[in-house]
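Source file: query-v3.cif. Holds: mmCIF, C-alpha atoms.
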```cif
data_run
#
loop_
_atom_site.label_atom_id
_atom_site.label_comp_id
_atom_site.auth_asym_id
_atom_site.auth_seq_id
_atom_site.Cartn_x
_atom_site.Cartn_y
_atom_site.Cartn_z
CA MET A 1006 32.09 -21.25 7.44
CA GLU A 1007 30.13 -24.18 6.04
CA LEU A 1008 26.52 -24.67 7.03
CA ARG A 1009 26.98 -28.45 7.19
CA ASP A 1010 29.79 -28.00 9.72
CA LEU A 1011 27.50 -25.95 11.95
CA ARG A 1012 24.77 -28.58 11.64
CA ASN A 1013 27.23 -31.35 12.52
CA PHE A 1014 28.48 -29.37 15.51
CA ILE A 1015 24.92 -28.85 16.78
CA ALA A 1016 24.17 -32.56 16.32
CA VAL A 1017 27.21 -33.59 18.37
CA VAL A 1018 26.35 -31.20 21.20
CA GLN A 1019 22.67 -32.14 21.31
CA SER A 1020 23.32 -35.89 21.20
CA GLY A 1021 26.33 -35.72 23.53
CA SER A 1022 28.20 -38.20 21.39
CA TYR A 1023 30.02 -38.34 18.09
CA THR A 1024 28.67 -41.85 17.50
CA LYS A 1025 25.04 -40.90 18.10
CA ALA A 1026 25.40 -37.72 16.05
CA ALA A 1027 26.93 -39.66 13.15
CA ASN A 1028 24.07 -42.17 13.18
CA GLN A 1029 21.41 -39.45 13.38
CA SER A 1030 23.02 -37.38 10.63
CA PHE A 1031 23.73 -40.38 8.38
CA VAL A 1032 27.43 -39.55 8.08
CA SER A 1033 30.50 -41.52 9.12
CA GLN A 1034 32.11 -40.74 12.43
CA PRO A 1035 35.47 -39.80 10.80
CA SER A 1036 33.64 -37.33 8.52
CA LEU A 1037 31.89 -35.85 11.53
CA SER A 1038 35.19 -35.49 13.39
CA LYS A 1039 36.78 -33.75 10.39
CA SER A 1040 33.80 -31.41 10.19
CA ILE A 1041 34.16 -30.33 13.82
CA LYS A 1042 37.94 -29.98 13.46
CA ARG A 1043 37.48 -27.83 10.33
CA LEU A 1044 35.10 -25.56 12.26
CA GLU A 1045 37.55 -25.22 15.16
CA GLU A 1046 40.41 -24.42 12.78
CA GLU A 1047 38.36 -21.76 11.01
CA ILE A 1048 37.40 -20.09 14.27
CA ASN A 1049 40.86 -20.81 15.69
CA ILE A 1050 39.62 -21.96 19.09
CA LYS A 1051 38.70 -25.25 20.74
CA LEU A 1052 34.93 -25.83 20.87
CA LEU A 1053 34.58 -29.27 22.45
CA GLU A 1054 36.23 -31.21 25.23
CA ARG A 1055 36.03 -34.87 24.34
CA SER A 1056 36.62 -38.02 26.40
CA THR A 1057 35.61 -41.64 26.05
CA ARG A 1058 32.47 -40.98 28.12
CA TYR A 1059 31.28 -37.48 27.18
CA VAL A 1060 31.49 -34.47 24.91
CA ARG A 1061 31.46 -31.12 26.70
CA LEU A 1062 31.30 -27.55 25.37
CA THR A 1063 34.08 -25.11 26.07
CA ASP A 1064 33.18 -21.50 26.86
CA ALA A 1065 33.81 -20.62 23.22
CA GLY A 1066 31.87 -23.69 22.17
CA ARG A 1067 28.82 -22.47 24.11
CA ILE A 1068 28.87 -19.17 22.24
CA VAL A 1069 29.23 -20.88 18.86
CA PHE A 1070 26.52 -23.41 19.75
CA ASP A 1071 24.00 -20.70 20.73
CA GLN A 1072 24.69 -18.61 17.65
CA ALA A 1073 24.77 -21.62 15.32
CA LYS A 1074 21.31 -22.67 16.49
CA LYS A 1075 19.97 -19.20 15.70
CA ALA A 1076 21.62 -19.15 12.28
CA VAL A 1077 20.43 -22.62 11.30
CA LEU A 1078 16.92 -21.93 12.59
CA ALA A 1079 16.75 -18.72 10.57
CA LEU A 1080 17.89 -20.52 7.43
CA ASP A 1081 15.46 -23.37 8.01
CA GLU A 1082 12.62 -20.87 8.45
CA MET A 1083 13.43 -19.07 5.21
CA PRO A 1084 11.59 -21.49 2.86
CA VAL A 1085 8.57 -21.43 5.19
CA LEU A 1086 8.48 -17.62 5.21
CA ILE A 1087 8.92 -17.46 1.44
CA ASN A 1088 6.14 -19.99 0.98
CA ASP A 1089 3.89 -17.98 3.31
CA LEU A 1090 4.61 -14.91 1.21
CA LYS A 1091 3.81 -16.76 -2.00
CA GLN A 1092 0.60 -18.03 -0.47
CA MET A 1093 -0.23 -14.47 0.67
CA HIS A 1094 -0.15 -15.27 4.40
CA THR A 1095 2.15 -12.33 5.12
CA GLY A 1096 3.44 -9.17 3.48
CA SER A 1097 3.24 -5.40 3.46
CA ILE A 1098 2.02 -2.96 0.79
CA SER A 1099 2.55 0.81 0.78
CA ILE A 1100 -0.34 2.62 -0.92
CA GLY A 1101 -0.88 6.27 -1.79
CA ILE A 1102 -4.50 7.42 -1.84
CA PRO A 1103 -6.23 10.78 -2.41
CA PRO A 1104 -8.72 11.92 0.27
CA LEU A 1105 -11.78 11.19 -1.88
CA VAL A 1106 -10.67 7.62 -2.54
CA SER A 1107 -9.95 7.09 1.15
CA THR A 1108 -13.47 8.27 1.99
CA LEU A 1109 -15.56 6.84 -0.81
CA PHE A 1110 -14.05 3.54 -1.86
CA PHE A 1111 -11.01 2.44 0.11
CA PRO A 1112 -12.62 1.41 3.42
CA ILE A 1113 -14.76 -1.21 1.67
CA LEU A 1114 -11.84 -2.36 -0.48
CA ALA A 1115 -9.52 -2.60 2.55
CA ARG A 1116 -12.09 -4.52 4.59
CA LYS A 1117 -12.68 -7.11 1.88
CA PHE A 1118 -8.96 -7.48 1.22
CA HIS A 1119 -8.32 -7.95 4.95
CA GLU A 1120 -10.97 -10.66 5.09
CA SER A 1121 -9.08 -12.61 2.42
CA TYR A 1122 -5.53 -11.73 3.56
CA PRO A 1123 -5.66 -10.86 7.30
CA HIS A 1124 -1.86 -10.85 7.78
CA VAL A 1125 -1.02 -8.52 4.90
CA LYS A 1126 -0.40 -4.99 6.20
CA LEU A 1127 -1.53 -1.94 4.22
CA ASP A 1128 0.60 1.17 4.88
CA LEU A 1129 -1.43 4.16 3.70
CA THR A 1130 -0.19 7.61 2.67
CA GLU A 1131 -2.94 10.16 2.01
CA ARG A 1132 -1.99 12.90 -0.45
CA GLY A 1133 -3.39 14.72 -3.45
CA ALA A 1134 -3.25 12.71 -6.66
CA LYS A 1135 -0.53 14.95 -8.13
CA LEU A 1136 1.77 14.18 -5.19
CA ILE A 1137 0.96 10.48 -5.36
CA TRP A 1138 2.45 10.34 -8.88
CA GLU A 1139 5.72 11.57 -7.37
CA LEU A 1140 5.54 9.12 -4.45
CA VAL A 1141 5.14 6.18 -6.83
CA ASP A 1142 7.82 7.47 -9.19
CA ASN A 1143 10.44 7.85 -6.44
CA GLY A 1144 9.54 4.54 -4.80
CA GLU A 1145 8.05 5.88 -1.55
CA VAL A 1146 4.86 3.90 -2.19
CA ASN A 1147 4.33 0.71 -4.20
CA ILE A 1148 0.85 1.51 -5.47
CA GLY A 1149 -0.97 4.78 -6.05
CA PHE A 1150 -4.59 5.72 -6.70
CA VAL A 1151 -4.62 8.71 -9.06
CA VAL A 1152 -6.84 10.69 -11.37
CA LEU A 1153 -6.26 9.67 -14.96
CA PRO A 1154 -4.66 10.24 -17.39
CA ALA A 1155 -1.21 9.33 -16.10
CA ASN A 1156 2.17 9.15 -17.83
CA GLU A 1157 2.21 5.74 -19.53
CA SER A 1158 5.96 5.91 -20.09
CA LEU A 1159 6.54 6.05 -16.33
CA PHE A 1160 3.70 3.98 -14.91
CA ASP A 1161 1.74 0.80 -15.44
CA ILE A 1162 -1.90 1.87 -15.23
CA GLN A 1163 -4.96 -0.09 -14.20
CA PRO A 1164 -8.38 1.66 -14.51
CA PHE A 1165 -10.32 1.61 -11.25
CA ILE A 1166 -13.50 3.70 -11.18
CA GLU A 1167 -15.21 6.24 -13.42
CA ASP A 1168 -17.71 8.80 -12.12
CA GLU A 1169 -19.25 11.98 -13.49
CA PHE A 1170 -19.20 15.47 -12.05
CA VAL A 1171 -22.40 17.16 -10.94
CA LEU A 1172 -23.22 20.59 -9.56
CA PHE A 1173 -23.64 21.08 -5.81
CA VAL A 1174 -25.70 24.12 -4.80
CA HIS A 1175 -27.73 25.25 -1.83
CA LYS A 1176 -31.35 24.12 -2.15
CA GLU A 1177 -32.47 27.76 -2.39
CA HIS A 1178 -29.88 28.73 -5.01
CA ARG A 1179 -31.29 30.03 -8.29
CA LEU A 1180 -29.97 26.96 -10.14
CA ALA A 1181 -31.42 24.42 -7.70
CA LYS A 1182 -34.75 24.37 -9.57
CA TYR A 1183 -33.15 23.04 -12.75
CA LYS A 1184 -32.59 19.38 -13.53
CA VAL A 1185 -29.73 20.13 -15.92
CA VAL A 1186 -27.44 23.16 -16.32
CA SER A 1187 -24.51 23.89 -18.61
CA LEU A 1188 -21.09 24.96 -17.47
CA GLU A 1189 -21.66 28.31 -19.15
CA ASP A 1190 -24.53 28.91 -16.71
CA LEU A 1191 -21.95 28.96 -13.90
CA LYS A 1192 -19.70 31.72 -15.23
CA ASP A 1193 -20.92 34.34 -12.73
CA GLU A 1194 -20.85 32.03 -9.70
CA GLN A 1195 -18.40 31.88 -6.80
CA PHE A 1196 -16.65 28.51 -6.93
CA ILE A 1197 -15.45 26.39 -4.02
CA THR A 1198 -12.76 23.95 -5.20
CA PHE A 1199 -10.12 21.58 -4.02
CA SER A 1200 -6.65 23.05 -3.49
CA GLU A 1201 -4.17 23.15 -6.36
CA GLU A 1202 -2.34 19.99 -5.29
CA TYR A 1203 -5.46 17.96 -6.06
CA SER A 1204 -6.24 16.85 -9.60
CA LEU A 1205 -9.94 17.67 -9.17
CA HIS A 1206 -8.99 21.35 -8.95
CA ASP A 1207 -7.40 21.20 -12.41
CA LEU A 1208 -10.30 19.23 -13.88
CA VAL A 1209 -12.81 21.88 -12.81
CA ILE A 1210 -10.66 24.84 -13.93
CA HIS A 1211 -9.95 23.25 -17.33
CA ALA A 1212 -13.63 22.38 -17.88
CA CYS A 1213 -14.73 25.93 -17.14
CA THR A 1214 -11.98 27.39 -19.33
CA LYS A 1215 -13.09 25.12 -22.17
CA ALA A 1216 -16.64 26.42 -21.65
CA GLY A 1217 -15.39 29.96 -22.22
CA PHE A 1218 -14.71 31.44 -18.79
CA ILE A 1219 -12.21 31.35 -15.94
CA PRO A 1220 -14.06 30.55 -12.72
CA THR A 1221 -13.91 32.87 -9.74
CA VAL A 1222 -12.67 30.74 -6.86
CA ALA A 1223 -13.84 32.00 -3.48
CA TYR A 1224 -12.57 29.14 -1.32
CA LYS A 1225 -10.19 26.22 -1.66
CA SER A 1226 -9.94 23.20 0.61
CA SER A 1227 -8.31 19.79 0.85
CA GLN A 1228 -11.45 18.27 2.42
CA TRP A 1229 -14.56 17.42 0.45
CA ASP A 1230 -16.83 17.59 3.51
CA LEU A 1231 -15.69 21.17 4.23
CA ILE A 1232 -16.37 22.09 0.60
CA VAL A 1233 -19.90 20.72 0.97
CA GLU A 1234 -20.39 22.64 4.22
CA LEU A 1235 -19.31 25.88 2.55
CA VAL A 1236 -21.84 25.28 -0.23
CA ALA A 1237 -24.50 24.56 2.39
CA SER A 1238 -23.60 27.90 4.00
CA ARG A 1239 -24.38 29.65 0.68
CA LEU A 1240 -20.78 30.73 0.19
CA GLY A 1241 -20.54 29.37 -3.35
CA ILE A 1242 -21.10 26.38 -5.62
CA THR A 1243 -18.95 23.41 -6.43
CA LEU A 1244 -18.47 20.66 -8.99
CA LEU A 1245 -17.78 17.25 -7.47
CA PRO A 1246 -18.19 13.59 -8.45
CA ARG A 1247 -21.71 12.21 -8.08
CA SER A 1248 -20.54 9.61 -5.55
CA ILE A 1249 -19.82 12.40 -3.05
CA TYR A 1250 -23.44 13.50 -3.18
CA GLU A 1251 -24.47 9.96 -2.31
CA LYS A 1252 -22.01 10.02 0.61
CA GLN A 1253 -22.84 13.42 2.10
CA LYS A 1254 -25.91 13.84 4.32
CA HIS A 1255 -26.48 17.61 4.25
CA SER A 1256 -30.19 18.34 3.75
CA ASP A 1257 -29.51 21.84 2.35
CA ILE A 1258 -27.48 20.55 -0.61
CA GLN A 1259 -29.12 20.10 -4.01
CA MET A 1260 -27.49 18.17 -6.85
CA VAL A 1261 -27.96 19.33 -10.43
CA GLU A 1262 -26.87 17.40 -13.53
CA LEU A 1263 -24.39 18.94 -15.97
CA GLN A 1264 -25.20 19.18 -19.65
CA GLU A 1265 -21.56 18.50 -20.52
CA GLN A 1266 -20.07 15.17 -19.62
CA LEU A 1267 -17.23 15.83 -17.18
CA LEU A 1268 -15.69 12.58 -15.97
CA TRP A 1269 -13.66 11.71 -12.90
CA ARG A 1270 -11.54 8.74 -13.97
CA LEU A 1271 -9.56 6.96 -11.29
CA GLY A 1272 -6.74 4.54 -11.91
CA ILE A 1273 -4.19 2.53 -9.98
CA ILE A 1274 -0.55 3.07 -10.93
CA THR A 1275 2.72 1.29 -10.25
CA LYS A 1276 6.13 2.37 -11.44
CA ARG A 1277 6.96 0.75 -14.77
CA ASP A 1278 9.52 -2.06 -14.50
CA ALA A 1279 9.75 -1.69 -10.71
CA TYR A 1280 9.75 -4.76 -8.46
CA LEU A 1281 6.36 -5.63 -6.98
CA SER A 1282 6.00 -8.01 -4.06
CA VAL A 1283 3.65 -10.96 -4.24
CA ALA A 1284 1.34 -9.11 -1.85
CA ALA A 1285 1.28 -6.00 -4.06
CA LYS A 1286 0.54 -8.06 -7.18
CA GLU A 1287 -2.29 -9.81 -5.39
CA PHE A 1288 -3.73 -6.48 -4.23
CA LEU A 1289 -3.76 -5.21 -7.82
CA SER A 1290 -5.50 -8.36 -8.93
CA PHE A 1291 -7.95 -8.08 -6.04
CA THR A 1292 -8.96 -4.54 -6.93
#
```

Write-out of the structure in structure tokens:
Amino acid sequence: MELRDLRNFIAVVQSGSYTKAANQSFVSQPSLSKSIKRLEEEINIKLLERSTRYVRLTDAGRIVFDQAKKAVLALDEMPVLINDLKQMHTGSISIGIPPLVSTLFFPILARKFHESYPHVKLDLTERGAKLIWELVDNGEVNIGFVVLPANESLFDIQPFIEDEFVLFVHKEHRLAKYKVVSLEDLKDEQFITFSEEYSLHDLVIHACTKAGFIPTVAYKSSQWDLIVELVASRLGITLLPRSIYEKQKHSDIQMVELQEQLLWRLGIITKRDAYLSVAAKEFLSFT
């Protein structure tokens, strides 16, 4: 079925005349007649009743006319929708974010992005960074915020934020009086950490192991604010990025610097060689 035949058919019906339709469409009347006949032959049913005074739709013609208008309108809208997408007026991006990123950085980022692109939808999936690698790899999300390093053979990586770990203790803890402590000073402490599915858990365990001891983990949680509350309840100590201390408001928590430099490096990953929408590319550029 040719698009031009549908357009000619619509023109004849709307104008009520082959002559008027031919003039409006800048085609000859014989060509217009052949176009309508070709459409009727393809569908194998009569679409128009024609006399010297009028052109009238048959029952089948009414169905074809209604559907043809929808089809032509959809096709005519396509360039407009594509142009809107290119101009970032519309779109959708699926993003995987760890809990810390969603608390510390993403609300500000999302607000500013929305101010620039109010009709672009952000679909958020909150998981531990380890799981986000899998979500990006299998295509469930377009973009993932993860703790670096990441597999460069699988992902395109864009650095995002770098922060350093500090010690969180109760203000009356024996270590609270120090400005700086070493990891070795923590070997006899009860640790409160993120759960194993979170990259921060591995970072802390590996740092302590490198310092010569395996930490005793008393509690694990997926929520940073619960970890802070447990420390405030004198149930243990924790190592967390400095930015969390600036976010939390607990008056019983004391921050102590670490002698060793332990970094929390965040990056944004996309699957290597995977298709990225215009909206997703713009979000990466925006960040």

task: Using atom CA of Lys1276 of chain A and atom CA of Asn1147 of chain A as the two end points, give the distance in Å to one decimal.
output: 7.6 Å

Report the residues retrieved by the PyMOL selection byres ((chain A and resi 1149) around 7) from the displayed file, expressed as a JSON list (two decimals) with C-alpha atoms, in the frame of the given file.
```json
[["chain", "number", "residue", "atom", "x", "y", "z"],
["A", 1100, "ILE", "CA", -0.34, 2.62, -0.92],
["A", 1101, "GLY", "CA", -0.88, 6.27, -1.79],
["A", 1102, "ILE", "CA", -4.50, 7.42, -1.84],
["A", 1137, "ILE", "CA", 0.96, 10.48, -5.36],
["A", 1141, "VAL", "CA", 5.14, 6.18, -6.83],
["A", 1147, "ASN", "CA", 4.33, 0.71, -4.20],
["A", 1148, "ILE", "CA", 0.85, 1.51, -5.47],
["A", 1150, "PHE", "CA", -4.59, 5.72, -6.70],
["A", 1151, "VAL", "CA", -4.62, 8.71, -9.06],
["A", 1273, "ILE", "CA", -4.19, 2.53, -9.98],
["A", 1274, "ILE", "CA", -0.55, 3.07, -10.93],
["A", 1275, "THR", "CA", 2.72, 1.29, -10.25]]
```

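Minimum atom-to-atom distances from A:Ala1284, A:Val1077, A:Leu1188, A:Val1146 to Glu1262 of chain A were compared using only C-alpha atoms, and the lowest value belongs to A:Leu1188.
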
task: Please evaluate the PyMOL selection byres ((chain A and resi 1115) around 12) against the structure above and give the resulting residues as a PyMOL selection string.
output: chain A and resi 1098+1100+1106-1114+1116-1123+1125-1129+1288+1291-1292

query: Just how far from atom CA of Leu1136 of chain A is atom CA of His1124 of chain A, in Å to one decimal?
result: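 Atom CA of His1124 of chain A sits 28.4 Å away from atom CA of Leu1136 of chain A.
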
Near segment 1022-1039 of chain A, within 8 Å and counting only C-alpha atoms, which residues show up once chain neighbours fewer than 4 positions away are dropped, as a PDB file with C-alpha atoms, keeping the file's coordinate frame?
```
ATOM      1  CA  ASN A1013      27.230 -31.350  12.520  1.00  0.00           C
ATOM      2  CA  ALA A1016      24.170 -32.560  16.320  1.00  0.00           C
ATOM      3  CA  VAL A1017      27.210 -33.590  18.370  1.00  0.00           C
ATOM      4  CA  VAL A1018      26.350 -31.200  21.200  1.00  0.00           C
ATOM      5  CA  ARG A1043      37.480 -27.830  10.330  1.00  0.00           C
ATOM      6  CA  TYR A1059      31.280 -37.480  27.180  1.00  0.00           C
ATOM      7  CA  VAL A1060      31.490 -34.470  24.910  1.00  0.00           C
TER       8      VAL A1060
END
```

task: Take the PyMOL selection byres ((chain A and resi 1201) around 12), apply it to the structure above, and return the hits as a list of chain:residue names.
output: A:Gly1133, A:Ala1134, A:Lys1135, A:Leu1136, A:Ile1197, A:Thr1198, A:Phe1199, A:Ser1200, A:Glu1202, A:Tyr1203, A:Ser1204, A:Leu1205, A:His1206, A:Asp1207, A:Leu1208, A:Val1209, A:Ile1210, A:Val1222, A:Tyr1224, A:Lys1225, A:Ser1226, A:Ser1227
